[in-house]
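Novice: Got a structure for you, written out below as structure tokens; questions coming shortly.
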Amino acid sequence: MYFESLSDLFTMGGHGPYVWAAYGIGLSVLVWNLLSPVLQGRRLASTIRRNALRDTVRKEHIGNEQLKSEGCR
Amino acid sequence: MKWTFFHRMSSPKWFYDFSGQCLPWVGLLALALVVTGLTWGLLFTPPDYLQGNSYRIIFLHVPSASLAMTIYVGLAVTAAIGFVWKIKLADMAVSCLAPIGASFCALALISGSIWGKPTWGTWWVWDARLTSMLILLFLYLGLIALREAIDSRETAARACAILAMVGVVNIPIIKFSVDWWNTLHQGATIKITTESSMAMEMLIPLLISIAGFYLFSLFVFLLRLRAEIISREQRTTWVKALLGAHS
Amino acid sequence: MSVMSGFGVVLKRDLHLAFRNRGDLINPLVFFMLVATLFPLGVGPDPETLMIMGGGVIWVSALLSNLLAMDSLFRSDFEDGSLEQLMLAPQPLWMTAMAKVISHWLVTGLPLTLLSPVLAIMFGLPSEALPAIVATLFLGTPLLSLIGAIGAGLTVGLRKGGILLSLLTLPLYIPVLILGTGAIDAAVSGMAWHGHLLWQGVLLVLGITFAPLAISASLRISVSG
């Protein structure tokens with residue numbers, strides 16, 4: 001490692017705040033890029049599953065209604 | 001190579017399966033390279049004899065700036081392919097590339113500006129490179145805004161394809177005119193990167209970091225594209241089977 | 001009906017519509033003057049500063065007023081369905097688009113160019129700069145109309161198209177702006193400015209060649225989508 005001590009690493013001869021801020025922002029950009037498609041995919045999967053479930057329930061419901069109306073007759 | 005390969009590759013299902021196999025490898029390699037490149041640059045390289053430690057921002061700045069430009073060109077090429085051959089997958093790729101490129105463009109600008117403060121004493125100069133980068137960011141934001149504004153995903157992708165192609169034709173013109181504007185106004189004569197040859201011990205981590213960033217963006221691009229495929233193909237049976245959504 | 005006569009019909013129709021609607025004709029010009037007036041109020045009436053800024057201010061005002069008029073280029077035709085009819089017509093769509101762009105330029109860009117010397121005098125620009133201003137605007141504003149029409153085509157079906165249109169087209173206007181103000185600056189400092197004008201001509205030729213294709217493609221996407 002180039003730096004002598006930990007405090008030397010943080011201050012970087014006065015340039016520390018700039019370097020660390022840049023790296024912090026850089027890291028957050030990388031993390032955002034990683035998280036946003038993962039979250040989007042998850043949200044999407046749950047929506048599709050919910051829609052499928054809704055369709056099944058609706059189908060069953062319609063089926064029951066038909067049975068009922070046939071029973072009345 | 002036969003044309004059948006090309007067509008099979010552009011089938012969303014085939015691509016989804018194939019990219020699923022590559023994904024872990026790309027991700028691991030990207031992680032390894034980014035971590036190596038950045039920690040090497042941050043901790044193990046000697047400081048620059050002119051700029052001191054602030055030059056360490058280069059390991060972030062150069063990869064993101066180069067990615068921002070490459071992604072726009074890639075986006076326009078993909079758009080052209082999708083437009084000419086009407087390939088659905090290319091349409092999807094266009095809308096996935098824009099946010100990634102925009103984020104790296106913003107990172108290049110922000111890191112450049114932070115670098116500028118200790119080096120030149122100001123956060124911003126109207127330097128030709130910075131200005132062109134800012135315009136590139138606006139081009140990206142326009143693409144994203146257009147995509148958000150159109151409800152239908154298919155229409156949005158095709159509209160973005162047109163805009164990307166118009167944009168990429170304009171980029172050299174913009175670049176040329178901004179360079180020319182800058183030399184005309186003699187205001188900022190400072191350059192971010194001096195053209196002098198870099199020392200090997202700085203160049204190697206930089207190259208590793210560039211490779212890492214490219215692989216990383218390939219990785220997040222695949223992630224986005226897979227989500228987009230699922231979204232567009234959600235009515236097909238293979239997606240429903242994949243997600244275990246029976247109906 | 002031959003192809004050229006179709007072009008003429010669309011051009012004549014659009015000019016007719018523009019002249020029936022006086023407000024649409026005058027408003028961009030008023031806007032042009034108004035934006036330019038804001039600058040001295042914003043930075044102060046110092047003649048020295050105003051002379052330096054003058055060319056840039058005139059060009060930026062021209063960009064903005066062109067953009068303002070751009071939004072309505074295809075909108076009313078899109079809303080009443082006549083755009084679809086024009087697309088179904090046997091003549092190629094790029095030709096119709098070209099006719100509309102030309103008529104748009106005749107009612108906004110050209111009057112604006114003719115009005116620009118007044119502003120130049122108000123900003124205290126030397127009289128040697130007047131030909132440069134008129135010439136660059138004369139070559140530049142049609143290019144603005146061509147580029148803007150691509151954006152207008154892409155955003156025509158959208159409810160909040162206006163602000164989006166400016167976001168899409170303003171970055172593409174930059175080279176025209178730089179060349180235009182460059183020529184004016186050169187003329188103000190007494191240097192040759194024909195080089196910049198020739199470059200603007202090159203861009204205009206490029207625009208005339210490629211923009212109609214992009215406009216018609218964008219219209220097809222907006223109307224069919």
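Chain labels follow the order of the structure tokens: the first chain is A, the next B, and so on; residue numbering restarts at 1 in every chain, and ligands are counted from 1 in their shown order.
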Taking only C-alpha atoms into account and nothing else, which residues of chain C lie no more than 10 Å away from chain B? Please answer as a PyMOL selection string.

Specialist: chain C and resi 147+150-151+153-155+157-161+164-179+181-182+185-186+203+210-211+214-215+217-225

Novice: Could you write out that same residue set with N, CA and C atoms as a CSV table (one decimal), in the first residue's frame?

Specialist:
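Writing done, so here's out.csv:
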chain,number,residue,atom,x,y,z
C,147,ILE,N,-34.7,20.3,-38.2
C,147,ILE,CA,-34.4,19.5,-37.0
C,147,ILE,C,-35.5,19.4,-36.1
C,150,ILE,N,-38.3,16.9,-36.8
C,150,ILE,CA,-38.1,15.5,-36.4
C,150,ILE,C,-38.7,15.4,-35.0
C,151,GLY,N,-38.3,16.3,-34.1
C,151,GLY,CA,-38.8,16.2,-32.7
C,151,GLY,C,-40.3,16.4,-32.7
C,153,GLY,N,-42.4,15.6,-34.9
C,153,GLY,CA,-43.0,14.3,-35.4
C,153,GLY,C,-43.0,13.3,-34.3
C,154,LEU,N,-42.0,13.2,-33.5
C,154,LEU,CA,-41.9,12.2,-32.5
C,154,LEU,C,-42.9,12.5,-31.4
C,155,THR,N,-43.1,13.8,-31.1
C,155,THR,CA,-43.9,14.1,-29.9
C,155,THR,C,-45.3,14.5,-30.3
C,157,GLY,N,-48.1,12.9,-31.0
C,157,GLY,CA,-49.2,12.2,-30.4
C,157,GLY,C,-49.3,12.4,-28.8
C,158,LEU,N,-48.3,13.1,-28.3
C,158,LEU,CA,-48.3,13.1,-26.8
C,158,LEU,C,-48.9,14.3,-26.2
C,159,ARG,N,-49.5,14.1,-25.1
C,159,ARG,CA,-50.3,15.2,-24.5
C,159,ARG,C,-49.3,16.3,-24.0
C,160,LYS,N,-48.2,16.0,-23.3
C,160,LYS,CA,-47.3,17.0,-22.8
C,160,LYS,C,-46.1,17.1,-23.8
C,161,GLY,N,-46.4,17.3,-25.1
C,161,GLY,CA,-45.4,17.3,-26.1
C,161,GLY,C,-44.4,18.5,-26.0
C,164,LEU,N,-41.2,18.4,-23.8
C,164,LEU,CA,-40.4,17.2,-24.3
C,164,LEU,C,-39.8,17.6,-25.6
C,165,LEU,N,-40.5,18.3,-26.5
C,165,LEU,CA,-40.0,18.7,-27.8
C,165,LEU,C,-38.7,19.6,-27.6
C,166,SER,N,-38.8,20.5,-26.6
C,166,SER,CA,-37.6,21.3,-26.4
C,166,SER,C,-36.4,20.5,-25.9
C,167,LEU,N,-36.7,19.5,-25.0
C,167,LEU,CA,-35.7,18.7,-24.5
C,167,LEU,C,-35.0,17.9,-25.6
C,168,LEU,N,-35.8,17.4,-26.5
C,168,LEU,CA,-35.2,16.6,-27.6
C,168,LEU,C,-34.5,17.4,-28.6
C,169,THR,N,-35.0,18.6,-28.9
C,169,THR,CA,-34.4,19.3,-30.1
C,169,THR,C,-33.3,20.3,-29.7
C,170,LEU,N,-33.4,20.9,-28.5
C,170,LEU,CA,-32.4,22.0,-28.2
C,170,LEU,C,-30.9,21.5,-28.3
C,171,PRO,N,-30.6,20.3,-27.8
C,171,PRO,CA,-29.2,19.8,-27.9
C,171,PRO,C,-28.8,19.7,-29.4
C,172,LEU,N,-29.7,19.4,-30.3
C,172,LEU,CA,-29.4,19.2,-31.7
C,172,LEU,C,-29.2,20.6,-32.4
C,173,TYR,N,-29.8,21.6,-31.7
C,173,TYR,CA,-29.7,23.0,-32.3
C,173,TYR,C,-28.3,23.6,-32.1
C,174,ILE,N,-27.5,23.0,-31.2
C,174,ILE,CA,-26.3,23.7,-30.7
C,174,ILE,C,-25.3,24.0,-31.8
C,175,PRO,N,-25.0,23.1,-32.8
C,175,PRO,CA,-24.1,23.4,-33.8
C,175,PRO,C,-24.5,24.7,-34.6
C,176,VAL,N,-25.8,24.7,-34.9
C,176,VAL,CA,-26.4,25.9,-35.7
C,176,VAL,C,-26.1,27.2,-34.9
C,177,LEU,N,-26.4,27.1,-33.6
C,177,LEU,CA,-26.2,28.3,-32.8
C,177,LEU,C,-24.7,28.7,-32.8
C,178,ILE,N,-23.8,27.7,-32.6
C,178,ILE,CA,-22.4,28.0,-32.5
C,178,ILE,C,-21.9,28.7,-33.8
C,179,LEU,N,-22.3,28.1,-34.9
C,179,LEU,CA,-21.8,28.6,-36.2
C,179,LEU,C,-22.4,30.0,-36.5
C,181,THR,N,-23.5,32.3,-34.2
C,181,THR,CA,-22.9,33.4,-33.4
C,181,THR,C,-21.5,33.6,-33.7
C,182,GLY,N,-20.8,32.5,-34.1
C,182,GLY,CA,-19.4,32.6,-34.5
C,182,GLY,C,-19.2,33.6,-35.7
C,185,ASP,N,-19.8,37.1,-34.4
C,185,ASP,CA,-18.7,37.6,-33.6
C,185,ASP,C,-17.6,38.0,-34.5
C,186,ALA,N,-17.3,37.2,-35.6
C,186,ALA,CA,-16.2,37.5,-36.5
C,186,ALA,C,-16.5,38.8,-37.2
C,203,LEU,N,-24.3,22.3,-43.4
C,203,LEU,CA,-25.2,21.6,-42.5
C,203,LEU,C,-26.6,21.7,-43.1
C,210,PHE,N,-31.2,14.6,-45.2
C,210,PHE,CA,-31.6,13.5,-44.3
C,210,PHE,C,-32.8,13.8,-43.4
C,211,ALA,N,-33.1,15.0,-43.1
C,211,ALA,CA,-34.2,15.3,-42.1
C,211,ALA,C,-35.5,14.8,-42.7
C,214,ALA,N,-36.1,11.3,-41.7
C,214,ALA,CA,-36.3,11.1,-40.3
C,214,ALA,C,-37.7,11.6,-39.9
C,215,ILE,N,-38.1,12.8,-40.5
C,215,ILE,CA,-39.4,13.3,-40.2
C,215,ILE,C,-40.5,12.3,-40.5
C,217,ALA,N,-40.3,9.1,-41.0
C,217,ALA,CA,-40.2,7.9,-40.1
C,217,ALA,C,-40.9,8.2,-38.8
C,218,SER,N,-40.6,9.4,-38.2
C,218,SER,CA,-41.1,9.7,-36.9
C,218,SER,C,-42.6,9.9,-36.9
C,219,LEU,N,-43.1,10.5,-38.0
C,219,LEU,CA,-44.5,10.7,-38.2
C,219,LEU,C,-45.2,9.3,-38.2
C,220,ARG,N,-44.6,8.4,-39.0
C,220,ARG,CA,-45.3,7.1,-39.1
C,220,ARG,C,-45.4,6.4,-37.8
C,221,ILE,N,-44.3,6.5,-37.0
C,221,ILE,CA,-44.3,5.9,-35.6
C,221,ILE,C,-45.4,6.5,-34.8
C,222,SER,N,-45.5,7.9,-34.8
C,222,SER,CA,-46.4,8.6,-33.9
C,222,SER,C,-47.8,8.3,-34.3
C,223,VAL,N,-48.1,8.2,-35.6
C,223,VAL,CA,-49.5,8.1,-36.0
C,223,VAL,C,-49.9,6.6,-35.9
C,224,SER,N,-49.0,5.7,-36.2
C,224,SER,CA,-49.5,4.3,-36.2
C,224,SER,C,-49.5,3.7,-34.7
C,225,GLY,N,-48.6,4.4,-33.9
C,225,GLY,CA,-48.4,3.8,-32.5
C,225,GLY,C,-49.5,4.1,-31.5

Novice: What's around His15 (chain A) at 9 Å? Count only C-alpha atoms, leave out sequence neighbours fewer than 5 positions away in its own chain, and write the answer as an NGL selection string.

Specialist: (:A and (10 or 20)) or (:B and (52-54 or 118))

Novice: Save out the residues we just selected, C-alpha atoms, as a CSV table (one decimal), in the first residue's frame.

Specialist:
chain,number,residue,atom,x,y,z
A,10,PHE,CA,-8.2,9.6,4.5
A,20,TRP,CA,-13.4,10.2,-1.5
B,52,GLY,CA,-0.8,14.9,-6.2
B,53,ASN,CA,-3.5,12.5,-5.0
B,54,SER,CA,-6.4,14.1,-6.7
B,118,PRO,CA,-8.3,20.9,-6.6

Novice: As JSON, numbers by chain, please: the residues near Ser209 (chain B) (cut-off 7 Å, only C-alpha atoms, same-chain neighbours under 4 positions excluded).

Specialist: {"B": [33, 34, 37, 38, 59, 63, 205, 213]}

Novice: Please, which residues in chain B fall within 7 Å of chain A when counting only C-alpha atoms, and what is the closest atom pair and distance in Å to one decimal for each, ordered by chain then residue number, as a Markdown table?

Specialist:
| residue | atom | partner | partner_atom | distance |
| --- | --- | --- | --- | --- |
| B:Leu43 | CA | A:Met1 | CA | 5.7 |
| B:Phe44 | CA | A:Met1 | CA | 4.7 |
| B:Thr45 | CA | A:Tyr2 | CA | 6.3 |
| B:Pro46 | CA | A:Tyr2 | CA | 6.3 |
| B:Asn53 | CA | A:Met12 | CA | 6.0 |
| B:Ser54 | CA | A:His15 | CA | 5.5 |
| B:Arg56 | CA | A:Val19 | CA | 6.7 |
| B:Ile57 | CA | A:Val19 | CA | 6.0 |
| B:Leu60 | CA | A:Gly26 | CA | 6.9 |
| B:Ile100 | CA | A:Asn33 | CA | 6.7 |
| B:Ser103 | CA | A:Val29 | CA | 6.6 |
| B:Leu107 | CA | A:Gly26 | CA | 6.4 |
| B:Ser111 | CA | A:Ala22 | CA | 5.4 |
| B:Ile114 | CA | A:Tyr18 | CA | 6.0 |
| B:Trp115 | CA | A:Tyr18 | CA | 6.9 |
| B:Val220 | CA | A:Leu34 | CA | 5.9 |
| B:Leu223 | CA | A:Pro37 | CA | 6.0 |
| B:Arg224 | CA | A:Pro37 | CA | 5.0 |
| B:Ala227 | CA | A:Gly41 | CA | 4.9 |
| B:Ser231 | CA | A:Leu44 | CA | 6.8 |
| B:Gln234 | CA | A:Ile48 | CA | 7.0 |
| B:Leu243 | CA | A:Ala45 | CA | 6.8 |
| B:Ala245 | CA | A:Arg49 | CA | 5.0 |
| B:His246 | CA | A:Ala52 | CA | 6.4 |
| B:Ser247 | CA | A:Thr56 | CA | 5.2 |

Novice: Got a sec: who's within 12 Å of region 40-45 of chain C, counting only C-alpha atoms, leaving out chain neighbours fewer than 2 positions off, as a list of chain:residue names?

Specialist: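 Once the nearby chain positions are removed, what remains is C:Met33, C:Leu34, C:Val35, C:Ala36, C:Thr37, C:Leu38, C:Pro47, C:Glu48, C:Thr49, C:Leu50, C:Met51, C:Ile52, C:Met53, C:Gly54, C:Val57, C:Ile58, C:Leu119, C:Met122, C:Phe123, C:Gly124.
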
Novice: Let's have the selection written as a short mmCIF file (atom, residue, chain, number, x, y, z; two decimals), in the first residue's frame, with C-alpha atoms.

Specialist:
data_model
loop_
_atom_site.label_atom_id
_atom_site.label_comp_id
_atom_site.auth_asym_id
_atom_site.auth_seq_id
_atom_site.Cartn_x
_atom_site.Cartn_y
_atom_site.Cartn_z
CA MET C 33 -38.62 40.43 -29.53
CA LEU C 34 -39.73 39.80 -25.95
CA VAL C 35 -37.01 37.27 -25.14
CA ALA C 36 -34.38 39.57 -26.59
CA THR C 37 -35.76 42.44 -24.47
CA LEU C 38 -35.35 40.38 -21.31
CA PRO C 47 -23.77 49.26 -24.29
CA GLU C 48 -20.39 47.51 -24.17
CA THR C 49 -21.80 44.30 -22.69
CA LEU C 50 -24.85 44.41 -24.92
CA MET C 51 -22.70 44.63 -28.02
CA ILE C 52 -20.72 41.55 -26.97
CA MET C 53 -23.88 39.61 -26.16
CA GLY C 54 -25.99 40.88 -29.05
CA VAL C 57 -28.98 36.90 -27.70
CA ILE C 58 -30.52 37.26 -31.15
CA LEU C 119 -32.82 43.91 -32.75
CA MET C 122 -31.17 47.96 -30.51
CA PHE C 123 -28.24 45.96 -29.15
CA GLY C 124 -25.82 48.44 -30.64
#

Novice: At a cut-off of 8 Å, using only C-alpha atoms, what residues contact Phe104 (chain B)? Leave out same-chain residues fewer than 2 positions from it and give the result as a PyMOL selection string.

Specialist: (chain A and resi 29) or (chain B and resi 64-65+67-68+100-102+106-108)

Novice: Which residues are near Leu106 (chain C)? Cut-off 10 Å, only C-alpha atoms, ignore same chain within fewer than 4 positions. Put them as a list in words.

Specialist: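 Once the nearby chain positions are removed, what remains is Leu15, Ala18, Lys100, Val101, Ile102, Leu110, Pro111, Leu112, Thr141 and Pro142 of chain C.
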
Novice: Interatomic distance between CA of Ala211 (chain B) and CA of Gly27 (chain B)?

Specialist: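 Pair CA of Ala211 (chain B) / CA of Gly27 (chain B) returns 12.6 Å.
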